[in-house]
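Have a look at the structure below, then the notes.
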Amino acid sequence: MEDQFGRKINYLRISVTDRCNYRCVYCMPETGVTWQAHDNIMRFEEIVQVVKSAVKVGVTKIRLTGGEPLVRPGIVELVRMLNRIPEITDISMTTNGHLLAHQADALKEAGLKRVNISLDTFNPDLFKKITRNGDLSQVLAGIEAAEKAGLTPIKINMVVVRGINDSEILEFAKLTFQNPWHVRYIELMPIKNQTGWGSGFPNYEEGYISTHEMLKILEELNLNKFQQFTNQGPATLYKAQNAKGMIGFISPIDDDHFCARCNRLRLTADGHLRSCLMSEQEVDLLPAIRNGNNIDDMVQAAIRNKPAHHFLKEKLSPNDRSMMQIGG
């Protein structure tokens, strides 16, 4: 199904929990968030029902997110349930990697294709500071286990913040010469929960680095832009000569055409379908599901009402949920 702007929607991101074992400064307020009550979180069977409605309008790709999806008990079984839906051809996951080493093989066996792993620095002390309690060694073990299990290509997601980890931009890019990984630089976004990061972290205006500036830092690698097709994903891809992996930029601020190639819907852990990460517009599916009603029309309405673009350049972002509550 196409939205009113001609974008083909074939990708559903599913937040399976609002809980996380990390407290990353750009994702969760320093004061924390109020967790959803257990009964408000979608059961696996309810998630499957949403996916079965979504495939009727052309969704073929699923990404599981959180919070942190691996803290949800039974997550391997959910992957297996989704993998049984014939129309779903691709199931992936975004994770912080902390629990991945113990679950990589089981996830692969259940039908998970690959993982995106959030990793903003290779400095253990800075990693702990950014995540507020994370252990870098656990994440590195998770990456190794994912590679051995065949959850590839592994994508490393780095949120770049000036004065915090921008000195590692080149170091991360050079990983693609040693490994067949996709290293992806994500522009900092002016979302509401970035206020009050605490001492030592800049505000959005101070911390933002554009993709254009990052490319300047990487000039010595002589990157070649990689040919992409419509609805291939949010990242603009490059490759250095003789590199094994790819370099990508997710540029919601710097790329004026970023929203034009969006092919996604997002399902929150409490059953709200959002057609845009940065819009408060959402459809509450859970009451209809629990009342035994058909939700096909509601899914179609969410696609029809998908906004043309976000308003991040105007510093307008959702006030209803923090990033980790949306499953960004």
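Ordered as shown in the structure tokens, chains take letters A, B, and onward, while each chain numbers its residues from 1 and ligands are numbered from 1 in the order shown.
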
* Could you give me, as a ChimeraX atom specification, the residues within 7 Å of Asn83 of chain A, counting only C-alpha atoms and dropping anything in the same chain fewer than 4 positions from it? => /A:79,88,111

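Residues with any atom within 7 Å of segment 53-58 of chain A, counting only C-alpha atoms and excluding same-chain neighbours fewer than 5 positions away, are A:Met1, A:Ile9, A:Asn10, A:Glu87, A:Ile295, A:Asp296, A:Val299.
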
Please, could you write that set of residues out with N, CA and C atoms as a PDB file, in the first residue's frame?
ATOM      1  N   MET A   1       0.839  -1.192   0.000  1.00  0.00           N
ATOM      2  CA  MET A   1       0.000   0.000   0.000  1.00  0.00           C
ATOM      3  C   MET A   1       0.877   1.245   0.000  1.00  0.00           C
ATOM      4  N   ILE A   9       4.775   1.386   1.680  1.00  0.00           N
ATOM      5  CA  ILE A   9       5.025   1.009   3.065  1.00  0.00           C
ATOM      6  C   ILE A   9       5.169  -0.511   3.147  1.00  0.00           C
ATOM      7  N   ASN A  10       6.388  -0.961   3.440  1.00  0.00           N
ATOM      8  CA  ASN A  10       6.628  -2.403   3.502  1.00  0.00           C
ATOM      9  C   ASN A  10       7.408  -2.844   4.732  1.00  0.00           C
ATOM     10  N   GLU A  87       4.388 -14.268   4.442  1.00  0.00           N
ATOM     11  CA  GLU A  87       4.672 -13.019   3.732  1.00  0.00           C
ATOM     12  C   GLU A  87       5.875 -12.266   4.298  1.00  0.00           C
ATOM     13  N   ILE A 295      -8.697  -5.198  12.782  1.00  0.00           N
ATOM     14  CA  ILE A 295      -7.938  -3.939  12.808  1.00  0.00           C
ATOM     15  C   ILE A 295      -7.404  -3.542  11.436  1.00  0.00           C
ATOM     16  N   ASP A 296      -7.804  -4.258  10.388  1.00  0.00           N
ATOM     17  CA  ASP A 296      -7.266  -3.976   9.052  1.00  0.00           C
ATOM     18  C   ASP A 296      -7.489  -2.520   8.649  1.00  0.00           C
ATOM     19  N   VAL A 299      -5.091  -0.110  10.440  1.00  0.00           N
ATOM     20  CA  VAL A 299      -3.737  -0.126   9.889  1.00  0.00           C
ATOM     21  C   VAL A 299      -3.693   0.672   8.589  1.00  0.00           C
TER      22      VAL A 299
END

* Asked: For Arg63 of chain A, which residue out of A:Ala101, A:Ala145, A:Asp297, A:Val115 is the nearest one, using only C-alpha atoms?
  -> A:Val115

* **Pick from A:Asn116, A:Thr268, A:Gln4, A:Asn222, whichever lies nearest to Arg19 of chain A using only C-alpha atoms** =>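 The shortest atom-to-atom distance to Arg19 of chain A comes from A:Thr268.
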
* Point-to-point distance from atom CA of Leu78 of chain A to atom CA of Leu64 of chain A, Å rounded to tenths -> 9.7 Å

Which parts of segment 5-156 of chain A does DSSP call helix (DSSP H, G or I) when run on the backbone here, written out as a PDB file with N, CA and C atoms, in the first residue's frame?
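Result written to selection05.pdb:
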ATOM      1  N   HIS A  38       2.294  -3.996  33.232  1.00  0.00           N
ATOM      2  CA  HIS A  38       2.443  -5.248  32.479  1.00  0.00           C
ATOM      3  C   HIS A  38       1.238  -5.510  31.570  1.00  0.00           C
ATOM      4  N   ASP A  39       0.024  -5.249  32.063  1.00  0.00           N
ATOM      5  CA  ASP A  39      -1.181  -5.533  31.278  1.00  0.00           C
ATOM      6  C   ASP A  39      -1.321  -4.615  30.067  1.00  0.00           C
ATOM      7  N   ASN A  40      -0.594  -3.502  30.057  1.00  0.00           N
ATOM      8  CA  ASN A  40      -0.671  -2.577  28.914  1.00  0.00           C
ATOM      9  C   ASN A  40       0.257  -2.964  27.774  1.00  0.00           C
ATOM     10  N   PHE A  44       2.491 -11.513  22.793  1.00  0.00           N
ATOM     11  CA  PHE A  44       3.056 -11.957  21.528  1.00  0.00           C
ATOM     12  C   PHE A  44       1.971 -12.253  20.493  1.00  0.00           C
ATOM     13  N   GLU A  45       0.880 -12.878  20.936  1.00  0.00           N
ATOM     14  CA  GLU A  45      -0.207 -13.200  20.005  1.00  0.00           C
ATOM     15  C   GLU A  45      -0.826 -11.938  19.428  1.00  0.00           C
ATOM     16  N   GLU A  46      -0.849 -10.881  20.211  1.00  0.00           N
ATOM     17  CA  GLU A  46      -1.403  -9.611  19.730  1.00  0.00           C
ATOM     18  C   GLU A  46      -0.468  -8.955  18.723  1.00  0.00           C
ATOM     19  N   ILE A  47       0.824  -9.056  18.977  1.00  0.00           N
ATOM     20  CA  ILE A  47       1.799  -8.537  18.010  1.00  0.00           C
ATOM     21  C   ILE A  47       1.651  -9.275  16.687  1.00  0.00           C
ATOM     22  N   VAL A  48       1.519 -10.583  16.748  1.00  0.00           N
ATOM     23  CA  VAL A  48       1.352 -11.380  15.527  1.00  0.00           C
ATOM     24  C   VAL A  48       0.087 -10.963  14.782  1.00  0.00           C
ATOM     25  N   GLN A  49      -0.971 -10.661  15.514  1.00  0.00           N
ATOM     26  CA  GLN A  49      -2.212 -10.217  14.861  1.00  0.00           C
ATOM     27  C   GLN A  49      -1.997  -8.917  14.091  1.00  0.00           C
ATOM     28  N   VAL A  50      -1.244  -7.975  14.677  1.00  0.00           N
ATOM     29  CA  VAL A  50      -0.946  -6.727  13.982  1.00  0.00           C
ATOM     30  C   VAL A  50      -0.133  -7.001  12.723  1.00  0.00           C
ATOM     31  N   VAL A  51       0.849  -7.876  12.832  1.00  0.00           N
ATOM     32  CA  VAL A  51       1.683  -8.191  11.671  1.00  0.00           C
ATOM     33  C   VAL A  51       0.840  -8.825  10.573  1.00  0.00           C
ATOM     34  N   LYS A  52      -0.072  -9.693  10.926  1.00  0.00           N
ATOM     35  CA  LYS A  52      -0.920 -10.328   9.914  1.00  0.00           C
ATOM     36  C   LYS A  52      -1.812  -9.312   9.207  1.00  0.00           C
ATOM     37  N   SER A  53      -2.225  -8.274   9.899  1.00  0.00           N
ATOM     38  CA  SER A  53      -2.960  -7.183   9.243  1.00  0.00           C
ATOM     39  C   SER A  53      -2.030  -6.362   8.368  1.00  0.00           C
ATOM     40  N   ALA A  54      -0.805  -6.161   8.847  1.00  0.00           N
ATOM     41  CA  ALA A  54       0.153  -5.341   8.105  1.00  0.00           C
ATOM     42  C   ALA A  54       0.573  -5.999   6.794  1.00  0.00           C
ATOM     43  N   VAL A  55       0.697  -7.327   6.784  1.00  0.00           N
ATOM     44  CA  VAL A  55       1.122  -7.983   5.544  1.00  0.00           C
ATOM     45  C   VAL A  55       0.060  -7.847   4.455  1.00  0.00           C
ATOM     46  N   PRO A  69      15.036  -5.021  23.274  1.00  0.00           N
ATOM     47  CA  PRO A  69      14.199  -6.197  23.017  1.00  0.00           C
ATOM     48  C   PRO A  69      14.653  -7.460  23.725  1.00  0.00           C
ATOM     49  N   LEU A  70      15.954  -7.595  24.006  1.00  0.00           N
ATOM     50  CA  LEU A  70      16.436  -8.828  24.607  1.00  0.00           C
ATOM     51  C   LEU A  70      16.124  -8.933  26.099  1.00  0.00           C
ATOM     52  N   VAL A  71      15.573  -7.881  26.712  1.00  0.00           N
ATOM     53  CA  VAL A  71      15.148  -8.018  28.109  1.00  0.00           C
ATOM     54  C   VAL A  71      13.731  -8.580  28.194  1.00  0.00           C
ATOM     55  N   ILE A  75      11.631 -13.686  23.945  1.00  0.00           N
ATOM     56  CA  ILE A  75      11.808 -12.977  22.680  1.00  0.00           C
ATOM     57  C   ILE A  75      12.145 -13.936  21.537  1.00  0.00           C
ATOM     58  N   VAL A  76      12.847 -15.019  21.834  1.00  0.00           N
ATOM     59  CA  VAL A  76      13.173 -15.997  20.789  1.00  0.00           C
ATOM     60  C   VAL A  76      11.896 -16.614  20.231  1.00  0.00           C
ATOM     61  N   GLU A  77      10.937 -16.904  21.092  1.00  0.00           N
ATOM     62  CA  GLU A  77       9.678 -17.486  20.633  1.00  0.00           C
ATOM     63  C   GLU A  77       8.905 -16.503  19.765  1.00  0.00           C
ATOM     64  N   LEU A  78       8.959 -15.218  20.080  1.00  0.00           N
ATOM     65  CA  LEU A  78       8.288 -14.233  19.230  1.00  0.00           C
ATOM     66  C   LEU A  78       8.901 -14.235  17.830  1.00  0.00           C
ATOM     67  N   VAL A  79      10.221 -14.292  17.742  1.00  0.00           N
ATOM     68  CA  VAL A  79      10.879 -14.366  16.435  1.00  0.00           C
ATOM     69  C   VAL A  79      10.372 -15.583  15.670  1.00  0.00           C
ATOM     70  N   ARG A  80      10.268 -16.704  16.370  1.00  0.00           N
ATOM     71  CA  ARG A  80       9.797 -17.936  15.726  1.00  0.00           C
ATOM     72  C   ARG A  80       8.353 -17.770  15.229  1.00  0.00           C
ATOM     73  N   MET A  81       7.506 -17.138  16.016  1.00  0.00           N
ATOM     74  CA  MET A  81       6.111 -16.924  15.623  1.00  0.00           C
ATOM     75  C   MET A  81       6.018 -16.031  14.385  1.00  0.00           C
ATOM     76  N   LEU A  82       6.810 -14.976  14.355  1.00  0.00           N
ATOM     77  CA  LEU A  82       6.801 -14.070  13.211  1.00  0.00           C
ATOM     78  C   LEU A  82       7.358 -14.746  11.960  1.00  0.00           C
ATOM     79  N   ASN A  83       8.328 -15.610  12.160  1.00  0.00           N
ATOM     80  CA  ASN A  83       8.958 -16.300  11.036  1.00  0.00           C
ATOM     81  C   ASN A  83       8.010 -17.289  10.362  1.00  0.00           C
ATOM     82  N   LEU A 100      23.263 -10.162  24.085  1.00  0.00           N
ATOM     83  CA  LEU A 100      23.246 -10.859  22.801  1.00  0.00           C
ATOM     84  C   LEU A 100      24.097 -12.122  22.790  1.00  0.00           C
ATOM     85  N   ALA A 101      25.208 -12.121  23.496  1.00  0.00           N
ATOM     86  CA  ALA A 101      26.116 -13.271  23.458  1.00  0.00           C
ATOM     87  C   ALA A 101      25.417 -14.559  23.867  1.00  0.00           C
ATOM     88  N   HIS A 102      24.455 -14.464  24.781  1.00  0.00           N
ATOM     89  CA  HIS A 102      23.782 -15.653  25.294  1.00  0.00           C
ATOM     90  C   HIS A 102      22.583 -16.081  24.441  1.00  0.00           C
ATOM     91  N   ALA A 104      22.321 -15.252  20.753  1.00  0.00           N
ATOM     92  CA  ALA A 104      22.531 -15.116  19.315  1.00  0.00           C
ATOM     93  C   ALA A 104      22.181 -16.389  18.551  1.00  0.00           C
ATOM     94  N   ASP A 105      22.675 -17.527  19.007  1.00  0.00           N
ATOM     95  CA  ASP A 105      22.421 -18.786  18.295  1.00  0.00           C
ATOM     96  C   ASP A 105      20.937 -19.118  18.260  1.00  0.00           C
ATOM     97  N   ALA A 106      20.254 -18.948  19.389  1.00  0.00           N
ATOM     98  CA  ALA A 106      18.830 -19.269  19.450  1.00  0.00           C
ATOM     99  C   ALA A 106      18.018 -18.327  18.561  1.00  0.00           C
ATOM    100  N   LEU A 107      18.387 -17.059  18.521  1.00  0.00           N
ATOM    101  CA  LEU A 107      17.691 -16.101  17.674  1.00  0.00           C
ATOM    102  C   LEU A 107      17.857 -16.451  16.195  1.00  0.00           C
ATOM    103  N   LYS A 108      19.055 -16.821  15.823  1.00  0.00           N
ATOM    104  CA  LYS A 108      19.304 -17.214  14.439  1.00  0.00           C
ATOM    105  C   LYS A 108      18.481 -18.447  14.078  1.00  0.00           C
ATOM    106  N   GLU A 109      18.464 -19.419  14.945  1.00  0.00           N
ATOM    107  CA  GLU A 109      17.709 -20.648  14.690  1.00  0.00           C
ATOM    108  C   GLU A 109      16.214 -20.363  14.557  1.00  0.00           C
ATOM    109  N   ALA A 110      15.728 -19.369  15.311  1.00  0.00           N
ATOM    110  CA  ALA A 110      14.301 -19.034  15.283  1.00  0.00           C
ATOM    111  C   ALA A 110      13.895 -18.269  14.040  1.00  0.00           C
ATOM    112  N   PRO A 124      35.933   2.375  27.182  1.00  0.00           N
ATOM    113  CA  PRO A 124      35.072   1.774  28.216  1.00  0.00           C
ATOM    114  C   PRO A 124      34.507   2.781  29.210  1.00  0.00           C
ATOM    115  N   ASP A 125      35.324   3.759  29.611  1.00  0.00           N
ATOM    116  CA  ASP A 125      34.848   4.739  30.587  1.00  0.00           C
ATOM    117  C   ASP A 125      33.784   5.647  29.976  1.00  0.00           C
ATOM    118  N   LEU A 126      34.017   6.080  28.735  1.00  0.00           N
ATOM    119  CA  LEU A 126      33.026   6.923  28.070  1.00  0.00           C
ATOM    120  C   LEU A 126      31.760   6.130  27.786  1.00  0.00           C
ATOM    121  N   PHE A 127      31.921   4.860  27.422  1.00  0.00           N
ATOM    122  CA  PHE A 127      30.750   4.005  27.182  1.00  0.00           C
ATOM    123  C   PHE A 127      29.875   3.935  28.427  1.00  0.00           C
ATOM    124  N   LYS A 128      30.502   3.742  29.558  1.00  0.00           N
ATOM    125  CA  LYS A 128      29.749   3.675  30.813  1.00  0.00           C
ATOM    126  C   LYS A 128      29.056   5.004  31.108  1.00  0.00           C
ATOM    127  N   LYS A 129      29.708   6.103  30.734  1.00  0.00           N
ATOM    128  CA  LYS A 129      29.132   7.419  30.984  1.00  0.00           C
ATOM    129  C   LYS A 129      27.935   7.680  30.063  1.00  0.00           C
ATOM    130  N   ILE A 130      28.054   7.310  28.791  1.00  0.00           N
ATOM    131  CA  ILE A 130      26.962   7.529  27.841  1.00  0.00           C
ATOM    132  C   ILE A 130      25.755   6.670  28.190  1.00  0.00           C
ATOM    133  N   THR A 131      26.017   5.408  28.540  1.00  0.00           N
ATOM    134  CA  THR A 131      24.920   4.480  28.825  1.00  0.00           C
ATOM    135  C   THR A 131      24.448   4.558  30.269  1.00  0.00           C
ATOM    136  N   LEU A 136      31.080  -2.234  28.157  1.00  0.00           N
ATOM    137  CA  LEU A 136      31.511  -2.367  26.769  1.00  0.00           C
ATOM    138  C   LEU A 136      31.917  -3.798  26.433  1.00  0.00           C
ATOM    139  N   SER A 137      32.545  -4.499  27.362  1.00  0.00           N
ATOM    140  CA  SER A 137      33.002  -5.863  27.079  1.00  0.00           C
ATOM    141  C   SER A 137      31.837  -6.787  26.751  1.00  0.00           C
ATOM    142  N   GLN A 138      30.686  -6.561  27.379  1.00  0.00           N
ATOM    143  CA  GLN A 138      29.498  -7.371  27.091  1.00  0.00           C
ATOM    144  C   GLN A 138      29.015  -7.143  25.657  1.00  0.00           C
ATOM    145  N   VAL A 139      29.055  -5.895  25.223  1.00  0.00           N
ATOM    146  CA  VAL A 139      28.613  -5.566  23.866  1.00  0.00           C
ATOM    147  C   VAL A 139      29.555  -6.174  22.836  1.00  0.00           C
ATOM    148  N   LEU A 140      30.852  -6.076  23.082  1.00  0.00           N
ATOM    149  CA  LEU A 140      31.826  -6.647  22.145  1.00  0.00           C
ATOM    150  C   LEU A 140      31.666  -8.161  22.063  1.00  0.00           C
ATOM    151  N   ALA A 141      31.361  -8.798  23.189  1.00  0.00           N
ATOM    152  CA  ALA A 141      31.092 -10.236  23.181  1.00  0.00           C
ATOM    153  C   ALA A 141      29.834 -10.544  22.384  1.00  0.00           C
ATOM    154  N   GLY A 142      28.842  -9.658  22.478  1.00  0.00           N
ATOM    155  CA  GLY A 142      27.611  -9.835  21.710  1.00  0.00           C
ATOM    156  C   GLY A 142      27.846  -9.735  20.217  1.00  0.00           C
ATOM    157  N   ILE A 143      28.686  -8.782  19.813  1.00  0.00           N
ATOM    158  CA  ILE A 143      29.023  -8.638  18.394  1.00  0.00           C
ATOM    159  C   ILE A 143      29.711  -9.895  17.879  1.00  0.00           C
ATOM    160  N   GLU A 144      30.650 -10.408  18.664  1.00  0.00           N
ATOM    161  CA  GLU A 144      31.380 -11.613  18.259  1.00  0.00           C
ATOM    162  C   GLU A 144      30.425 -12.801  18.121  1.00  0.00           C
ATOM    163  N   ALA A 145      29.513 -12.942  19.084  1.00  0.00           N
ATOM    164  CA  ALA A 145      28.569 -14.053  19.043  1.00  0.00           C
ATOM    165  C   ALA A 145      27.616 -13.930  17.860  1.00  0.00           C
ATOM    166  N   ALA A 146      27.179 -12.701  17.563  1.00  0.00           N
ATOM    167  CA  ALA A 146      26.279 -12.483  16.433  1.00  0.00           C
ATOM    168  C   ALA A 146      26.949 -12.848  15.120  1.00  0.00           C
ATOM    169  N   GLU A 147      28.216 -12.497  15.012  1.00  0.00           N
ATOM    170  CA  GLU A 147      28.951 -12.813  13.787  1.00  0.00           C
ATOM    171  C   GLU A 147      29.106 -14.319  13.621  1.00  0.00           C
ATOM    172  N   LYS A 148      29.426 -15.009  14.695  1.00  0.00           N
ATOM    173  CA  LYS A 148      29.576 -16.464  14.637  1.00  0.00           C
ATOM    174  C   LYS A 148      28.250 -17.143  14.315  1.00  0.00           C
ATOM    175  N   ALA A 149      27.154 -16.569  14.807  1.00  0.00           N
ATOM    176  CA  ALA A 149      25.834 -17.165  14.570  1.00  0.00           C
ATOM    177  C   ALA A 149      25.313 -16.882  13.162  1.00  0.00           C
TER     178      ALA A 149
END

* Asked: What does the distance from atom CA of Gln178 of chain A to atom CA of Glu213 of chain A come to in Å, to one decimal?
  -> 24.2 Å

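Checking A:Arg13, A:Arg266, A:Arg72, A:Lys225 one by one against Ala240 of chain A, counting only C-alpha atoms, you find the shortest gap at A:Lys225.
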
* Asked: Out of segment 58-219 of chain A, which residues get strand (DSSP E or B) from DSSP, as a PyMOL selection string?
  -> chain A and resi 61-65+90-95+114-118+155-160+182-187

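Note that atom CA of Val59 of chain A and atom CA of Arg84 of chain A are 14.6 Å apart.
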
* Asked: Which of these, A:Ile117, A:Leu112, A:Ile154, A:Ile41, has the shortest distance to Leu99 of chain A once you count only C-alpha atoms?
  ->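 Among the listed residues, A:Ile117 lies closest to Leu99 of chain A.
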